[in-house]
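Visitor: This is the content of start.cif (mmCIF, C-alpha atoms (C1' of nucleotides)):
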```
data_coords
#
loop_
_atom_site.label_atom_id
_atom_site.label_comp_id
_atom_site.auth_asym_id
_atom_site.auth_seq_id
_atom_site.Cartn_x
_atom_site.Cartn_y
_atom_site.Cartn_z
CA MET E 553 49.64 44.22 10.04
CA PRO E 554 46.46 44.71 8.07
CA ASP E 555 44.23 41.75 7.25
CA PHE E 556 44.29 40.13 3.84
CA ILE E 557 42.30 37.61 1.89
CA LYS E 558 43.74 34.65 -0.01
CA ASP E 559 41.71 31.90 -1.65
CA ASN E 560 38.56 33.27 -0.16
CA HIS E 561 39.92 33.05 3.37
CA LEU E 562 40.62 35.94 5.74
CA PHE E 563 44.01 36.14 7.48
CA HIS E 564 45.11 38.54 10.18
CA ASN E 565 48.85 37.97 10.28
CA PRO E 566 51.69 36.05 8.63
CA VAL E 567 51.77 33.35 11.29
CA GLU E 568 48.16 32.51 10.60
CA PHE E 569 48.96 32.27 6.93
CA ALA E 570 51.99 30.04 7.50
CA LEU E 571 50.01 27.71 9.73
CA SER E 572 47.22 27.52 7.19
CA LYS E 573 49.80 25.90 4.92
CA ILE E 574 51.78 23.67 7.26
CA GLY E 575 49.61 23.53 10.39
CA GLY E 576 47.11 20.93 11.52
CA THR E 577 47.80 17.55 13.02
CA TYR E 578 49.50 15.85 10.09
CA LYS E 579 51.34 18.22 7.79
CA MET E 580 54.45 18.85 9.87
CA PRO E 581 54.90 15.19 10.76
CA ILE E 582 54.66 14.37 7.05
CA LEU E 583 57.10 17.07 5.93
CA TRP E 584 59.47 16.05 8.70
CA ARG E 585 59.50 12.47 7.42
CA LEU E 586 59.89 13.45 3.78
CA LYS E 587 62.84 15.69 4.50
CA ASP E 588 65.44 13.08 3.72
CA LYS E 589 63.80 10.42 1.59
CA LYS E 590 60.80 9.40 -0.47
CA TRP E 591 58.00 7.64 1.37
CA ARG E 592 55.13 5.52 0.12
CA PHE E 593 51.59 6.19 1.27
CA SER E 594 51.47 3.03 3.32
CA GLU E 595 54.85 3.70 4.90
CA LEU E 596 53.70 7.11 6.07
CA GLN E 597 50.56 5.54 7.36
CA ARG E 598 52.41 2.94 9.37
CA SER E 599 54.85 5.51 10.72
CA LEU E 600 52.16 8.03 11.63
CA ALA E 601 50.26 5.59 13.82
CA HIS E 602 46.68 6.62 14.67
CA THR E 603 46.26 8.23 11.26
CA SER E 604 43.37 7.17 9.08
CA ASP E 605 43.57 6.87 5.30
CA ARG E 606 41.27 9.82 4.97
CA MET E 607 43.33 12.19 7.07
CA LEU E 608 46.63 11.18 5.51
CA SER E 609 45.21 11.45 2.04
CA LYS E 610 43.73 14.86 2.75
CA ALA E 611 46.95 16.27 4.20
CA LEU E 612 49.02 14.90 1.30
CA LYS E 613 46.59 16.34 -1.24
CA GLU E 614 46.82 19.80 0.29
CA LEU E 615 50.60 19.73 0.62
CA LEU E 616 50.74 18.69 -3.01
CA ALA E 617 48.38 21.46 -4.13
CA ASP E 618 50.46 23.97 -2.16
CA GLY E 619 53.71 22.81 -3.70
CA PHE E 620 55.36 21.42 -0.57
CA ILE E 621 55.58 17.88 -1.91
CA THR E 622 55.32 15.98 -5.18
CA LYS E 623 53.98 12.52 -5.92
CA GLU E 624 55.01 9.82 -8.33
CA VAL E 625 52.50 7.15 -9.29
CA PHE E 626 53.72 3.79 -10.59
CA ALA E 627 51.47 1.81 -12.91
CA GLU E 628 51.52 -1.32 -10.82
CA VAL E 629 49.02 -3.48 -9.03
CA PRO E 630 48.60 -3.05 -6.17
CA PRO E 631 49.40 0.63 -6.72
CA ARG E 632 52.62 2.24 -5.61
CA VAL E 633 52.85 5.96 -4.96
CA GLU E 634 55.90 7.78 -3.71
CA TYR E 635 55.94 11.21 -2.11
CA SER E 636 58.94 13.53 -2.14
CA ILE E 637 59.60 16.96 -0.68
CA THR E 638 60.08 20.05 -2.87
CA GLU E 639 62.28 23.12 -2.43
CA ARG E 640 59.40 24.90 -0.77
CA GLY E 641 58.83 21.93 1.49
CA LEU E 642 62.48 21.88 2.48
CA LYS E 643 62.31 25.51 3.53
CA SER E 644 59.46 24.66 5.87
CA VAL E 645 61.56 21.98 7.53
CA ALA E 646 63.69 24.71 9.10
CA ILE E 647 60.86 26.17 11.18
CA ILE E 648 59.46 22.74 11.89
CA ASP E 649 62.83 22.00 13.41
CA SER E 650 62.76 25.20 15.52
CA LEU E 651 59.28 24.37 16.72
CA ARG E 652 60.42 20.86 17.53
CA GLN E 653 63.37 22.08 19.57
CA TYR E 654 61.13 24.56 21.32
CA GLY E 655 58.62 21.81 22.05
CA PHE E 656 61.31 19.65 23.61
CA GLU E 657 62.45 22.60 25.71
CA LEU E 658 58.90 23.16 26.97
CA MET E 659 58.52 19.45 27.67
CA ARG E 660 61.60 19.61 29.85
CA GLU E 661 60.17 22.57 31.73
CA TYR E 662 57.00 20.61 32.30
CA ASP E 663 58.99 17.53 33.33
CA ILE E 664 57.85 15.40 30.47
CA ASN E 665 60.72 13.15 29.58
CA GLN E 666 60.49 11.38 26.34
CA GLN E 667 63.37 10.44 24.06
CA MET A 1433 59.02 9.83 19.23
CA PRO A 1434 56.62 7.91 21.44
CA ASP A 1435 53.30 9.42 22.48
CA PHE A 1436 52.81 10.92 25.90
CA ILE A 1437 49.98 12.18 28.03
CA LYS A 1438 49.93 15.51 29.88
CA ASP A 1439 46.94 16.95 31.69
CA ASN A 1440 44.75 14.19 30.39
CA HIS A 1441 45.57 14.99 26.78
CA LEU A 1442 47.43 12.75 24.34
CA PHE A 1443 50.34 14.19 22.35
CA HIS A 1444 52.28 12.57 19.52
CA ASN A 1445 55.24 14.90 19.14
CA PRO A 1446 56.90 17.99 20.62
CA VAL A 1447 55.43 20.35 18.01
CA GLU A 1448 51.95 19.32 18.99
CA PHE A 1449 52.80 20.00 22.60
CA ALA A 1450 54.30 23.41 21.85
CA LEU A 1451 51.28 24.42 19.82
CA SER A 1452 48.94 23.27 22.55
CA LYS A 1453 50.57 25.97 24.66
CA ILE A 1454 51.02 28.84 22.23
CA GLY A 1455 48.83 27.84 19.27
CA GLY A 1456 45.31 28.87 18.39
CA THR A 1457 44.13 32.13 16.90
CA TYR A 1458 44.99 34.50 19.74
CA LYS A 1459 47.93 33.39 21.83
CA MET A 1460 50.78 34.30 19.50
CA PRO A 1461 49.31 37.71 18.67
CA ILE A 1462 49.00 38.37 22.40
CA LEU A 1463 52.53 37.22 23.26
CA TRP A 1464 53.87 39.23 20.36
CA ARG A 1465 52.25 42.39 21.71
CA LEU A 1466 53.36 41.80 25.29
CA LYS A 1467 56.98 41.27 24.29
CA ASP A 1468 58.01 44.85 24.93
CA LYS A 1469 55.43 46.39 27.24
CA LYS A 1470 52.47 45.86 29.53
CA TRP A 1471 49.04 45.98 27.97
CA ARG A 1472 45.62 46.45 29.48
CA PHE A 1473 42.79 44.11 28.59
CA SER A 1474 40.97 46.78 26.63
CA GLU A 1475 44.12 47.81 24.77
CA LEU A 1476 44.69 44.26 23.62
CA GLN A 1477 41.08 44.05 22.62
CA ARG A 1478 41.27 47.19 20.52
CA SER A 1479 44.53 46.12 18.94
CA LEU A 1480 43.35 42.58 18.19
CA ALA A 1481 40.34 43.73 16.19
CA HIS A 1482 37.66 41.05 15.59
CA THR A 1483 38.35 39.52 19.01
CA SER A 1484 35.49 39.10 21.44
CA ASP A 1485 35.84 39.51 25.21
CA ARG A 1486 35.30 35.83 25.61
CA MET A 1487 38.09 34.73 23.32
CA LEU A 1488 40.59 37.25 24.63
CA SER A 1489 39.76 36.38 28.20
CA LYS A 1490 40.08 32.67 27.52
CA ALA A 1491 43.45 33.00 25.80
CA LEU A 1492 44.81 35.25 28.56
CA LYS A 1493 43.61 32.87 31.25
CA GLU A 1494 45.38 29.93 29.64
CA LEU A 1495 48.60 31.83 29.01
CA LEU A 1496 48.50 32.88 32.65
CA ALA A 1497 47.90 29.33 33.89
CA ASP A 1498 50.76 28.12 31.71
CA GLY A 1499 53.14 30.76 33.01
CA PHE A 1500 53.66 32.70 29.79
CA ILE A 1501 52.24 35.93 31.18
CA THR A 1502 51.32 37.52 34.52
CA LYS A 1503 48.53 39.90 35.43
CA GLU A 1504 48.30 42.79 37.81
CA VAL A 1505 44.91 43.93 39.02
CA PHE A 1506 44.46 47.48 40.30
CA ALA A 1507 41.73 48.15 42.85
CA GLU A 1508 40.07 50.88 40.84
CA VAL A 1509 36.69 51.47 39.32
CA PRO A 1510 36.30 50.88 36.51
CA PRO A 1511 38.82 48.04 36.90
CA ARG A 1512 42.32 48.19 35.48
CA VAL A 1513 44.29 45.03 34.71
CA GLU A 1514 47.71 44.93 33.17
CA TYR A 1515 49.30 41.93 31.50
CA SER A 1516 53.05 41.36 31.24
CA ILE A 1517 55.17 38.67 29.67
CA THR A 1518 57.27 36.26 31.76
CA GLU A 1519 60.65 34.64 31.09
CA ARG A 1520 58.87 31.65 29.61
CA GLY A 1521 56.77 33.93 27.45
CA LEU A 1522 59.85 35.73 26.20
CA LYS A 1523 61.37 32.45 25.08
CA SER A 1524 58.30 31.76 22.99
CA VAL A 1525 58.68 35.09 21.23
CA ALA A 1526 61.74 33.72 19.45
CA ILE A 1527 59.83 31.03 17.55
CA ILE A 1528 56.90 33.32 17.02
CA ASP A 1529 59.35 35.58 15.27
CA SER A 1530 60.68 32.72 13.12
CA LEU A 1531 57.16 31.71 12.20
CA ARG A 1532 56.39 35.31 11.37
CA GLN A 1533 59.39 35.64 9.10
CA TYR A 1534 58.52 32.35 7.47
CA GLY A 1535 54.94 33.52 7.00
CA PHE A 1536 56.12 36.70 5.27
CA GLU A 1537 58.37 34.61 3.03
CA LEU A 1538 55.48 32.38 2.04
CA MET A 1539 53.30 35.41 1.45
CA ARG A 1540 55.88 36.74 -0.96
CA GLU A 1541 55.93 33.42 -2.79
CA TYR A 1542 52.17 33.58 -3.07
CA ASP A 1543 52.32 37.22 -4.18
CA ILE A 1544 50.51 38.58 -1.20
CA ASN A 1545 51.98 41.95 -0.46
CA GLN A 1546 51.17 43.48 2.79
CA GLN A 1547 53.40 45.76 4.88
"C1'" DG V 739 18.37 57.53 39.48
"C1'" DG V 740 20.22 56.32 34.88
"C1'" DG V 741 23.87 55.66 32.00
"C1'" DC V 742 28.80 54.90 31.35
"C1'" DA V 743 33.13 52.42 31.88
"C1'" DT V 744 36.21 48.04 32.46
"C1'" DA V 745 37.12 43.37 32.85
"C1'" DC V 746 35.23 39.78 33.05
"C1'" DT V 747 31.66 35.07 32.90
"C1'" DT V 748 27.81 32.12 31.26
"C1'" DA V 749 24.97 29.88 27.98
"C1'" DC V 750 24.41 28.67 23.64
"C1'" DA V 751 24.99 28.48 18.39
"C1'" DT V 752 27.92 27.57 14.58
"C1'" DC V 753 31.87 26.37 12.02
"C1'" DT V 754 36.02 23.64 11.30
"C1'" DT V 755 38.77 19.76 12.07
"C1'" DT V 756 39.18 15.09 12.94
"C1'" DG V 757 37.52 10.26 13.17
"C1'" DT V 758 34.94 5.99 11.53
"C1'" DT V 759 33.03 2.90 8.33
"C1'" DA V 760 32.51 1.24 4.07
"C1'" DG V 761 33.39 1.03 -0.70
"C1'" DT V 762 36.39 1.18 -5.23
"C1'" DT V 763 40.00 -0.58 -8.72
"C1'" DA V 764 42.63 -4.24 -10.79
"C1'" DC V 765 45.87 -7.56 -10.65
"C1'" DT V 766 48.15 -11.46 -8.02
"C1'" DT V 767 48.38 -15.47 -5.22
"C1'" DA V 768 46.28 -19.60 -2.82
"C1'" DT M 260 37.01 -18.70 -7.35
"C1'" DA M 261 37.91 -16.14 -3.38
"C1'" DA M 262 40.80 -13.45 -0.75
"C1'" DG M 263 44.52 -10.11 -0.41
"C1'" DT M 264 46.82 -5.73 -1.43
"C1'" DA M 265 47.68 -0.39 -2.00
"C1'" DA M 266 45.95 3.95 -2.42
"C1'" DC M 267 42.49 6.10 -2.49
"C1'" DT M 268 37.15 8.51 -1.98
"C1'" DA M 269 32.42 9.30 -0.05
"C1'" DA M 270 29.14 9.72 3.58
"C1'" DC M 271 28.46 10.58 7.93
"C1'" DA M 272 29.41 11.23 13.15
"C1'" DA M 273 31.83 13.34 16.86
"C1'" DA M 274 34.82 16.59 18.88
"C1'" DG M 275 36.99 20.87 19.33
"C1'" DA M 276 37.52 25.75 18.40
"C1'" DT M 277 35.43 29.99 17.73
"C1'" DG M 278 31.56 33.39 17.66
"C1'" DT M 279 27.42 35.92 19.69
"C1'" DA M 280 24.46 37.78 23.10
"C1'" DA M 281 23.59 38.86 27.42
"C1'" DG M 282 24.67 39.54 32.22
"C1'" DT M 283 27.77 40.87 36.53
"C1'" DA M 284 30.23 44.27 39.88
"C1'" DT M 285 31.37 48.90 41.39
"C1'" DG M 286 31.80 53.47 41.48
"C1'" DC M 287 31.63 58.04 38.86
"C1'" DC M 288 29.18 61.70 36.40
"C1'" DC M 289 25.04 64.15 34.93
#
```
Could the structure of this file be written out as structure tokens, please?

Guide:
Amino acid sequence: MPDFIKDNHLFHNPVEFALSKIGGTYKMPILWRLKDKKWRFSELQRSLAHTSDRMLSKALKELLADGFITKEVFAEVPPRVEYSITERGLKSVAIIDSLRQYGFELMREYDINQQ
Amino acid sequence: MPDFIKDNHLFHNPVEFALSKIGGTYKMPILWRLKDKKWRFSELQRSLAHTSDRMLSKALKELLADGFITKEVFAEVPPRVEYSITERGLKSVAIIDSLRQYGFELMREYDINQQ
DNA sequence: GGGCATACTTACATCTTTGTTAGTTACTTA
DNA sequence: TAAGTAACTAACAAAGATGTAAGTATGCCC
């Protein structure tokens, strides 16, 4: 696997590239929530406890730019914005699910019992 | 999914936990290489170009402590150390493979053609 | 004796990601 | 008139991950 450059960033393998798109603390949790319905900014924020406006906004902006989600802005006051998942986003949900299952499996091995 | 603490570190979901074990720049590339044979430190280093002693050593030490790999030290000079994958490590190779496939898929969508 | 080889470790610098605080817009309700 | 609300952004601080340079042990070869 030779290295490659995309958007001025050097990657060494496909996993690195994939995680540059859906990795980080917030993106998978967001995609996971959007998989079956639209969510408003504030709903995501409440659901993703411990997440600041800034971080949520940043993650949403990148997912949007990368075509994993779309947003719909309503001309209301106070504003209403709804986020939905795209085809590309839906494809990512499959590996998020594998990673999730794998995480649960590891948690069991480490005797962490949650849910 | 409620939060949980393990080894003095707060986690919010199973994916975060899984990636705390096999995430980062080096761990998956290492596990991927060890999946079918033993590798020496210096072989890994040569194969994982751009990787300093320090980073390789750190990643190997953590994978070892977490039971994903084992090491065998030979009493020779200069030293020889061989790393092998464990059962737990082998299980991780399955999701690494999914992530890899997914990465290639994304690369195709972004018109990156490599291998 | 000096240099080479391997598998490390230590100290420190830098870069990237995440967190915190405060501000903005514009209408609605008390 | 003042406060409240939703969805942001900007400036800055802190934390975490990664990179760089140098050093260690031991024996072999020249």

Visitor: Provide as a ChimeraX atom specification the residues of chain V at most 10 Å from chain A, counting all atoms listed in the file.

Guide: /V:742-747

Visitor: Counting all atoms listed in the file, what is within 12 Å of E:Asp649, bar same-chain residues fewer than 2 positions away, as a list in words?

Guide: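 What passes the distance filter is Met580, Pro581, Leu583, Trp584, Arg585, Lys587, Leu642, Lys643, Ser644, Val645, Ala646, Ile647, Leu651, Arg652, Gln653, Tyr654, Gly655 and Phe656 of chain E; Asn1445, Pro1446, Val1447, Ile1527, Ser1530 and Leu1531 of chain A.
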
Visitor: Please identify all polymer residues within 9 Å of stretch 1540-1547 of chain A, counting only C-alpha atoms (C1' of nucleotides), omitting same-chain residues fewer than 2 positions from it, and present them as a PyMOL selection string.

Guide: (chain E and resi 553-558) or (chain A and resi 1535-1538)

Visitor: Could you take the residues named above and write them with C-alpha atoms, as a compact mmCIF listing (two decimals), keeping the file's coordinate frame?

Guide:
```
# COMPACT_ATOMS: atom_id res chain seq x y z
CA MET E 553 49.64 44.22 10.04
CA PRO E 554 46.46 44.71 8.07
CA ASP E 555 44.23 41.75 7.25
CA PHE E 556 44.29 40.13 3.84
CA ILE E 557 42.30 37.61 1.89
CA LYS E 558 43.74 34.65 -0.01
CA GLY A 1535 54.94 33.52 7.00
CA PHE A 1536 56.12 36.70 5.27
CA GLU A 1537 58.37 34.61 3.03
CA LEU A 1538 55.48 32.38 2.04
```

Visitor: When distances are computed from only C-alpha atoms (C1' of nucleotides), which of M:DT260, M:DA273, M:DA280, M:DA266 shows the smallest separation from chain A?

Guide: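 Looking at the shortest contact to chain A, the residue is M:DA280.
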
Visitor: Rounded to one decimal in Å, what is the spacing between atom CA of A:Phe1449 and atom CA of E:Thr622?

Guide: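 Atom CA of A:Phe1449 sits 28.2 Å away from atom CA of E:Thr622.
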
Visitor: So how far away is atom CA of A:Ser1484 from atom CA of E:Leu562, in Å?

Guide: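 Rounded to one decimal, the two atoms are 16.8 Å apart.
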
Visitor: Taking all atoms listed in the file into account, name the residue in E:Asp588, E:Glu595, E:Glu639, E:Asp618 that is nearest to E:Asp559.

Guide: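 Answer, going by the shortest atom-to-atom distance: E:Asp618.
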
Visitor: Using all atoms listed in the file and a cut-off of 12 Å, which residues of chain M sit close to chain A? Please list them as a ChimeraX atom specification.

Guide: /M:275-280,284-287

Visitor: Could the residues in this selection be written to a file with C-alpha atoms (C1' of nucleotides), as a CSV table (one decimal), keeping the file's coordinate frame?

Guide:
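What follows is the written file again36.csv:
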```
chain,number,residue,atom,x,y,z
M,275,DG,C1',37.0,20.9,19.3
M,276,DA,C1',37.5,25.8,18.4
M,277,DT,C1',35.4,30.0,17.7
M,278,DG,C1',31.6,33.4,17.7
M,279,DT,C1',27.4,35.9,19.7
M,280,DA,C1',24.5,37.8,23.1
M,284,DA,C1',30.2,44.3,39.9
M,285,DT,C1',31.4,48.9,41.4
M,286,DG,C1',31.8,53.5,41.5
M,287,DC,C1',31.6,58.0,38.9
```

Visitor: Taking into account all atoms listed in the file, which residue in the set A:Leu1492, A:Ala1450, A:Ile1501, A:Ile1462 is nearest to chain E?

Guide: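 Using all atoms listed in the file, chain E sits closest to A:Ala1450.
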
Visitor: Enter the distance from atom C1' of M:DC271 to atom CA of E:Glu614, in Å, rounded to one decimal.

Guide: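 Answer for the atom C1' of M:DC271 to atom CA of E:Glu614 separation: 21.9 Å.
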
Visitor: With all atoms listed in the file as the basis for distance, which of E:Leu571, E:Ala627, E:Leu616, E:Ile637 is at the shortest distance from chain A?

Guide: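 Closest to chain A of all the choices is E:Leu571.
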
Visitor: Residues picked by the PyMOL selection byres ((chain M and resi 289) around 10) here, as a ChimeraX atom specification?

Guide: /V:740-741 /M:287-288

Visitor: When distances are computed from only C-alpha atoms, which of A:Lys1490, A:His1441, A:Lys1469, A:Arg1520 shows the smallest separation from chain E?

Guide: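 Nearest to chain E: A:Arg1520.
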
Visitor: Fewer than 6 positions away in the same chain doesn't count, so skip those; otherwise give me all residues within 12 Å of V:DA760, counting only C-alpha atoms (C1' of nucleotides), as a PyMOL selection string.

Guide: chain M and resi 268-271

Visitor: Given the file shown, enumerate the residues that the PyMOL selection byres ((chain V and resi 766) around 10) captures and present them as a ChimeraX atom specification.

Guide: /E:629-630 /V:764-765,767-768 /M:263-264
